[in-house]
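Enquirer: This is the structure I have questions about; it appears just below.
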Amino acid sequence: KLKPPYRHFLDLASLTKEEAREIIEKAKSLKATATEDGHGKGFIHPDRPLADKSLAMVFEKPSTRTRVSFEMSIHQLGGTAIVLQGGDMQLGRGESVSDTAQVLSGFVDAVMLRADDHDSLLEMAEHAAVPVINALTDFSHPCQVMADVLTFEEHRGAIKGKKIAWSGDGNNVAVSWIHAAVLFDCELVLACPKEFSPPTQVLEWATNNGGKVSLTQDPQVAAKDADCIITDTWVSMGDTDGAERIAILSPYQVNRNLMRQSHKDSLFMHCLPAHRGEEVTDEVIDGPRSVIWEEAENRLHIQKSILMWCFGK
Ligand code: CP
Ligand code: NVA
């Protein structure tokens with residue numbers, strides 16, 4: 001239903017390497033413009049590139065970073081956002097995603113969806129006449145990982161050929177990192193317990209697309225000489241087996257000993273929110289290698305670039 005130059009942003013796996021690079025470079029330039037001359041956060045880009053555009057932001061799960069960064073992104077580009085909690089919509093009373101998609105397409109120019117179920121995102125995209133953006137599902141979190149790549153490159157230059165280590169749950173953020181490793185030609189070693197490994201088909205997709213992605217159950221192996229160590233909560237939104245997860249994942253904590261295995265200039269990243277003392281110690285997350293606050297802020301800059309890309313700008 002979507003007419004070019006409009007595009008959905010559903011998963012990194014559906015972007016080309018050139019498109020992914022274009023989004024990162026545009027984000028760098030939008031960030032430079034927004035932060036020059038000490039602009040306030042309510043700054044509006046002088047070109048107002050999305051001046052006549054509106055975005056509906058639909059949340060089926062809680063959010064702090066995604067909500068605030070998307071709302072500020074569209075504001076800074078000159079457009080308007082409407083925030084909708086799924087439970088307050090007729091969606092929460094059983095109106096179908098496909099009907100909702102068609103209705104929203106009559107009111108707004110793009111839809112951002114944080115969905116419990118990835119299939120809802122795909123259904124929204126199939127039936128919407130406007131771009132649909134994945135703002136996290138149970139399967140993936142592509143906006144986050146684009147911000148992570150931007151953050152890595154700001155600190156350490158080109159990510160191509162670098163070694164990234166993931167220690168912990170093979171969850172939605174890990175899936176988008178697997179996609180990113182292929183798109184940006186970096187090495188990714190994931191250390192996950194067998195119970196919480198990333199989906200096999202995603203690992204196979206990476207291999208079939210020339211990715212340097214491997215899986216181990218040993219965090220020390222993943223961390224060895226890594227340029228960046230990344231983790232995420234052991235209990236994601238919607239997980240109901242918290243106690244079991246914490247018990248199984250505890251050997252995967254990112255702490256001083258694990259960081260010591262990595263390159264001497266390695267970074268630490270976490271998409272947040274963090275559960276301090278579980279997946280990461282205070283010492284690491286508050287330590288000199290941690291870039292978590294820039295990583296969070298970069299959601300703003302990358303989302304401006306993603307929004308513009310969706311509108312073919
Ligand atoms: N990292 C992230 O997506 O955070 P929120 O859940 O606060 O949006
Ligand atoms: N894996 C986490 C990410 C939160 C931003 C979750 O899905 O809850």
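Every chain in the structure tokens has a letter given in the order shown (A, B, ...), and although residue numbers restart at 1 in each chain, ligands are simply numbered from 1 in the order shown.
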What are the closest atom pairs, with distances in Å to one decimal, for all residues of chain A lying within 8 Å of ligand 1? Consider only C-alpha atoms and all ligand atoms, order rows by chain and residue number, and present the result as JSON lines.
Expert:
{"residue": "A:Pro62", "atom": "CA", "partner": "ligand 1", "partner_atom_place_in_ligand_line": "6 (O)", "distance": 6.2}
{"residue": "A:Ser63", "atom": "CA", "partner": "ligand 1", "partner_atom_place_in_ligand_line": "8 (O)", "distance": 3.8}
{"residue": "A:Thr64", "atom": "CA", "partner": "ligand 1", "partner_atom_place_in_ligand_line": "7 (O)", "distance": 3.4}
{"residue": "A:Arg65", "atom": "CA", "partner": "ligand 1", "partner_atom_place_in_ligand_line": "7 (O)", "distance": 3.9}
{"residue": "A:Thr66", "atom": "CA", "partner": "ligand 1", "partner_atom_place_in_ligand_line": "8 (O)", "distance": 3.6}
{"residue": "A:Arg67", "atom": "CA", "partner": "ligand 1", "partner_atom_place_in_ligand_line": "8 (O)", "distance": 5.9}
{"residue": "A:Val68", "atom": "CA", "partner": "ligand 1", "partner_atom_place_in_ligand_line": "8 (O)", "distance": 7.9}
{"residue": "A:Ala135", "atom": "CA", "partner": "ligand 1", "partner_atom_place_in_ligand_line": "3 (O)", "distance": 7.4}
{"residue": "A:Leu136", "atom": "CA", "partner": "ligand 1", "partner_atom_place_in_ligand_line": "3 (O)", "distance": 6.9}
{"residue": "A:His141", "atom": "CA", "partner": "ligand 1", "partner_atom_place_in_ligand_line": "3 (O)", "distance": 7.5}
{"residue": "A:Gln144", "atom": "CA", "partner": "ligand 1", "partner_atom_place_in_ligand_line": "3 (O)", "distance": 6.2}
{"residue": "A:Cys271", "atom": "CA", "partner": "ligand 1", "partner_atom_place_in_ligand_line": "1 (N)", "distance": 4.4}
{"residue": "A:Leu272", "atom": "CA", "partner": "ligand 1", "partner_atom_place_in_ligand_line": "1 (N)", "distance": 4.8}
{"residue": "A:Pro273", "atom": "CA", "partner": "ligand 1", "partner_atom_place_in_ligand_line": "4 (O)", "distance": 6.1}
{"residue": "A:Ala296", "atom": "CA", "partner": "ligand 1", "partner_atom_place_in_ligand_line": "1 (N)", "distance": 7.1}
Enquirer: Counting only C-alpha atoms and all ligand atoms, which protein, DNA or RNA residues come within 12 Å of ligand 2, given as a ChimeraX atom specification?
Expert: /A:60-67,114-118,135-145,168-176,231-240,242,270-275,279,296,299
Enquirer: Gln102 of chain A: which residues within 12 Å, counting only C-alpha atoms, same-chain residues fewer than 6 positions away excluded, as a PDB file with N, CA and C atoms, in the first residue's frame?
Expert:
ATOM      1  N   LYS A   1       0.823  -1.221   0.000  1.00  0.00           N
ATOM      2  CA  LYS A   1       0.000   0.000   0.000  1.00  0.00           C
ATOM      3  C   LYS A   1       0.856   1.270   0.000  1.00  0.00           C
ATOM      4  N   LEU A   2       2.089   1.109   0.458  1.00  0.00           N
ATOM      5  CA  LEU A   2       2.944   2.287   0.641  1.00  0.00           C
ATOM      6  C   LEU A   2       3.480   2.737  -0.713  1.00  0.00           C
ATOM      7  N   GLU A  95     -10.259  -3.964  18.536  1.00  0.00           N
ATOM      8  CA  GLU A  95     -10.256  -3.513  17.130  1.00  0.00           C
ATOM      9  C   GLU A  95      -8.990  -4.066  16.488  1.00  0.00           C
ATOM     10  N   SER A  96      -9.093  -4.525  15.250  1.00  0.00           N
ATOM     11  CA  SER A  96      -7.944  -5.217  14.659  1.00  0.00           C
ATOM     12  C   SER A  96      -6.825  -4.240  14.325  1.00  0.00           C
ATOM     13  N   VAL A 108      -2.704  10.603  10.042  1.00  0.00           N
ATOM     14  CA  VAL A 108      -1.291  10.951  10.259  1.00  0.00           C
ATOM     15  C   VAL A 108      -0.437  10.463   9.085  1.00  0.00           C
ATOM     16  N   ASP A 109       0.791  10.972   9.037  1.00  0.00           N
ATOM     17  CA  ASP A 109       1.692  10.669   7.913  1.00  0.00           C
ATOM     18  C   ASP A 109       2.618   9.495   8.191  1.00  0.00           C
ATOM     19  N   ALA A 110       2.725   9.068   9.458  1.00  0.00           N
ATOM     20  CA  ALA A 110       3.564   7.910   9.788  1.00  0.00           C
ATOM     21  C   ALA A 110       3.085   7.345  11.120  1.00  0.00           C
ATOM     22  N   VAL A 111       3.364   6.059  11.323  1.00  0.00           N
ATOM     23  CA  VAL A 111       2.991   5.394  12.572  1.00  0.00           C
ATOM     24  C   VAL A 111       4.230   4.737  13.163  1.00  0.00           C
ATOM     25  N   GLU A 123       1.560  -6.632  10.499  1.00  0.00           N
ATOM     26  CA  GLU A 123       0.171  -6.403  10.075  1.00  0.00           C
ATOM     27  C   GLU A 123      -0.081  -4.903   9.887  1.00  0.00           C
ATOM     28  N   MET A 124       0.457  -4.097  10.805  1.00  0.00           N
ATOM     29  CA  MET A 124       0.314  -2.638  10.691  1.00  0.00           C
ATOM     30  C   MET A 124       0.935  -2.166   9.368  1.00  0.00           C
ATOM     31  N   ALA A 125       2.134  -2.673   9.087  1.00  0.00           N
ATOM     32  CA  ALA A 125       2.840  -2.235   7.873  1.00  0.00           C
ATOM     33  C   ALA A 125       2.097  -2.690   6.615  1.00  0.00           C
ATOM     34  N   GLU A 126       1.515  -3.875   6.681  1.00  0.00           N
ATOM     35  CA  GLU A 126       0.824  -4.401   5.503  1.00  0.00           C
ATOM     36  C   GLU A 126      -0.410  -3.573   5.154  1.00  0.00           C
ATOM     37  N   HIS A 127      -1.063  -3.043   6.187  1.00  0.00           N
ATOM     38  CA  HIS A 127      -2.341  -2.362   5.943  1.00  0.00           C
ATOM     39  C   HIS A 127      -2.277  -0.841   6.000  1.00  0.00           C
ATOM     40  N   ALA A 128      -1.146  -0.286   6.445  1.00  0.00           N
ATOM     41  CA  ALA A 128      -1.035   1.178   6.529  1.00  0.00           C
ATOM     42  C   ALA A 128      -0.648   1.743   5.169  1.00  0.00           C
ATOM     43  N   ALA A 129      -1.153   2.932   4.887  1.00  0.00           N
ATOM     44  CA  ALA A 129      -0.772   3.616   3.644  1.00  0.00           C
ATOM     45  C   ALA A 129       0.365   4.602   3.913  1.00  0.00           C
ATOM     46  N   VAL A 130       0.879   4.593   5.133  1.00  0.00           N
ATOM     47  CA  VAL A 130       1.955   5.518   5.541  1.00  0.00           C
ATOM     48  C   VAL A 130       3.102   4.699   6.143  1.00  0.00           C
ATOM     49  N   PRO A 131       4.306   5.290   6.236  1.00  0.00           N
ATOM     50  CA  PRO A 131       5.434   4.535   6.800  1.00  0.00           C
ATOM     51  C   PRO A 131       5.157   4.075   8.236  1.00  0.00           C
ATOM     52  N   VAL A 132       5.589   2.860   8.544  1.00  0.00           N
ATOM     53  CA  VAL A 132       5.477   2.282   9.884  1.00  0.00           C
ATOM     54  C   VAL A 132       6.891   2.034  10.408  1.00  0.00           C
TER      55      VAL A 132
END
Enquirer: What residues in segment 5-233 of chain A get the DSSP label helix (DSSP H, G or I)? Please answer as number ranges by chain.
Expert: A: 12-14, 17-38, 65-76, 86-88, 90-93, 97-107, 118-127, 142-156, 172-183, 194-196, 200-208, 219-223
Enquirer: Which residue out of A:Lys304, A:His8, A:Lys53, A:Lys194 has the minimum interatomic distance to Asn134 of chain A when only C-alpha atoms are used?
Expert: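 Ranking A:Lys304, A:His8, A:Lys53, A:Lys194 by distance to Asn134 of chain A, first place goes to A:His8.
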Enquirer: Please, which residues of segment 59-159 of chain A, numbered as in this document, come out strand (DSSP E) from DSSP, as a list of chain:residue names?
Expert: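 Strand (DSSP E) members of segment 59-159 of chain A, listed: A:Phe59, A:Thr80, A:Ala81, A:Ile82, A:Val83, A:Leu84, A:Gln85, A:Ala110, A:Val111, A:Met112, A:Leu113, A:Arg114, A:Val132, A:Ile133, A:Asn134.
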Enquirer: So the first atom is atom CA of Leu203 of chain A and the second is atom CA of Ile178 of chain A; what is the distance between them in Å, to one decimal place?
Expert: 7.2 Å
Enquirer: Which polymer residues have any atom within 6 Å of an atom of segment 222-230 of chain A, counting only C-alpha atoms, with same-chain residues fewer than 6 positions away left out, as a ChimeraX atom specification?
Expert: /A:163-166,189,191,261-263,266-270
Enquirer: Given the selection you just returned, output its residues as a file containing C-alpha atoms, formatted as a CSV table (one decimal), in the first residue's frame.
Expert:
chain,number,residue,atom,x,y,z
A,163,LYS,CA,34.7,-6.9,17.4
A,164,ILE,CA,31.5,-6.5,19.4
A,165,ALA,CA,30.6,-8.8,22.2
A,166,TRP,CA,27.2,-9.5,23.6
A,189,VAL,CA,30.3,-12.8,19.3
A,191,ALA,CA,27.6,-15.3,24.7
A,261,GLN,CA,39.1,-9.7,28.9
A,262,SER,CA,38.3,-7.0,26.4
A,263,HIS,CA,40.6,-4.5,24.5
A,266,SER,CA,36.8,-1.1,24.9
A,267,LEU,CA,33.4,0.5,25.4
A,268,PHE,CA,30.4,-0.7,27.5
A,269,MET,CA,26.9,-0.2,26.1
A,270,HIS,CA,23.4,-0.9,27.4
Enquirer: So, counting only C-alpha atoms, which residue among A:Leu258, A:Val149, A:Met112, A:Ile159 is closest to Glu294 of chain A?
Expert: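 Going through A:Leu258, A:Val149, A:Met112, A:Ile159 one by one, the smallest distance to Glu294 of chain A is for A:Val149.
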Enquirer: Excluding Leu183 of chain A and its own-chain neighbours fewer than 6 positions away, which residues fall within 12 Å of it when counting only C-alpha atoms? Please give them as an MDAnalysis selection string.
Expert: chainID A and resid 11:24 142 145:146 149 159:161 176:177 205:206 209:213
Enquirer: Which value, in Å to one decimal, gives the distance between atom CA of Lys26 of chain A and atom CA of Met308 of chain A?
Expert: 9.1 Å
Enquirer: Compare A:Leu188, A:Ser29, A:Pro198, A:Ile248 by their minimum atom-to-atom distance to Val221 of chain A, counting only C-alpha atoms, and give me the closest one.
Expert: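 Of the candidates, the smallest distance to Val221 of chain A is held by A:Leu188.
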Enquirer: From the options A:Phe107, A:Phe152, A:Phe59, A:Phe70, which residue's atoms come nearest to Leu121 of chain A, counting only C-alpha atoms?
Expert: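 Smallest distance to Leu121 of chain A is found for A:Phe59.
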Enquirer: Report the distance between atom CA of Arg48 of chain A and atom CA of Ile133 of chain A in Å, rounded to one decimal place.
Expert: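 Rounded to one decimal, the two atoms are 20.5 Å apart.
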Enquirer: So, with only C-alpha atoms as the atoms that count, which of A:Gly106, A:Pro219, A:Pro288, A:Pro5 lies closest to Ser54 of chain A?
Expert: A:Gly106
Enquirer: Rank nothing, just name the residue among A:Glu153, A:Asp47, A:Leu55, A:Leu84 nearest to Glu295 of chain A, using only C-alpha atoms.
Expert: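 When distances to Glu295 of chain A are compared using only C-alpha atoms, the smallest one comes from A:Glu153.
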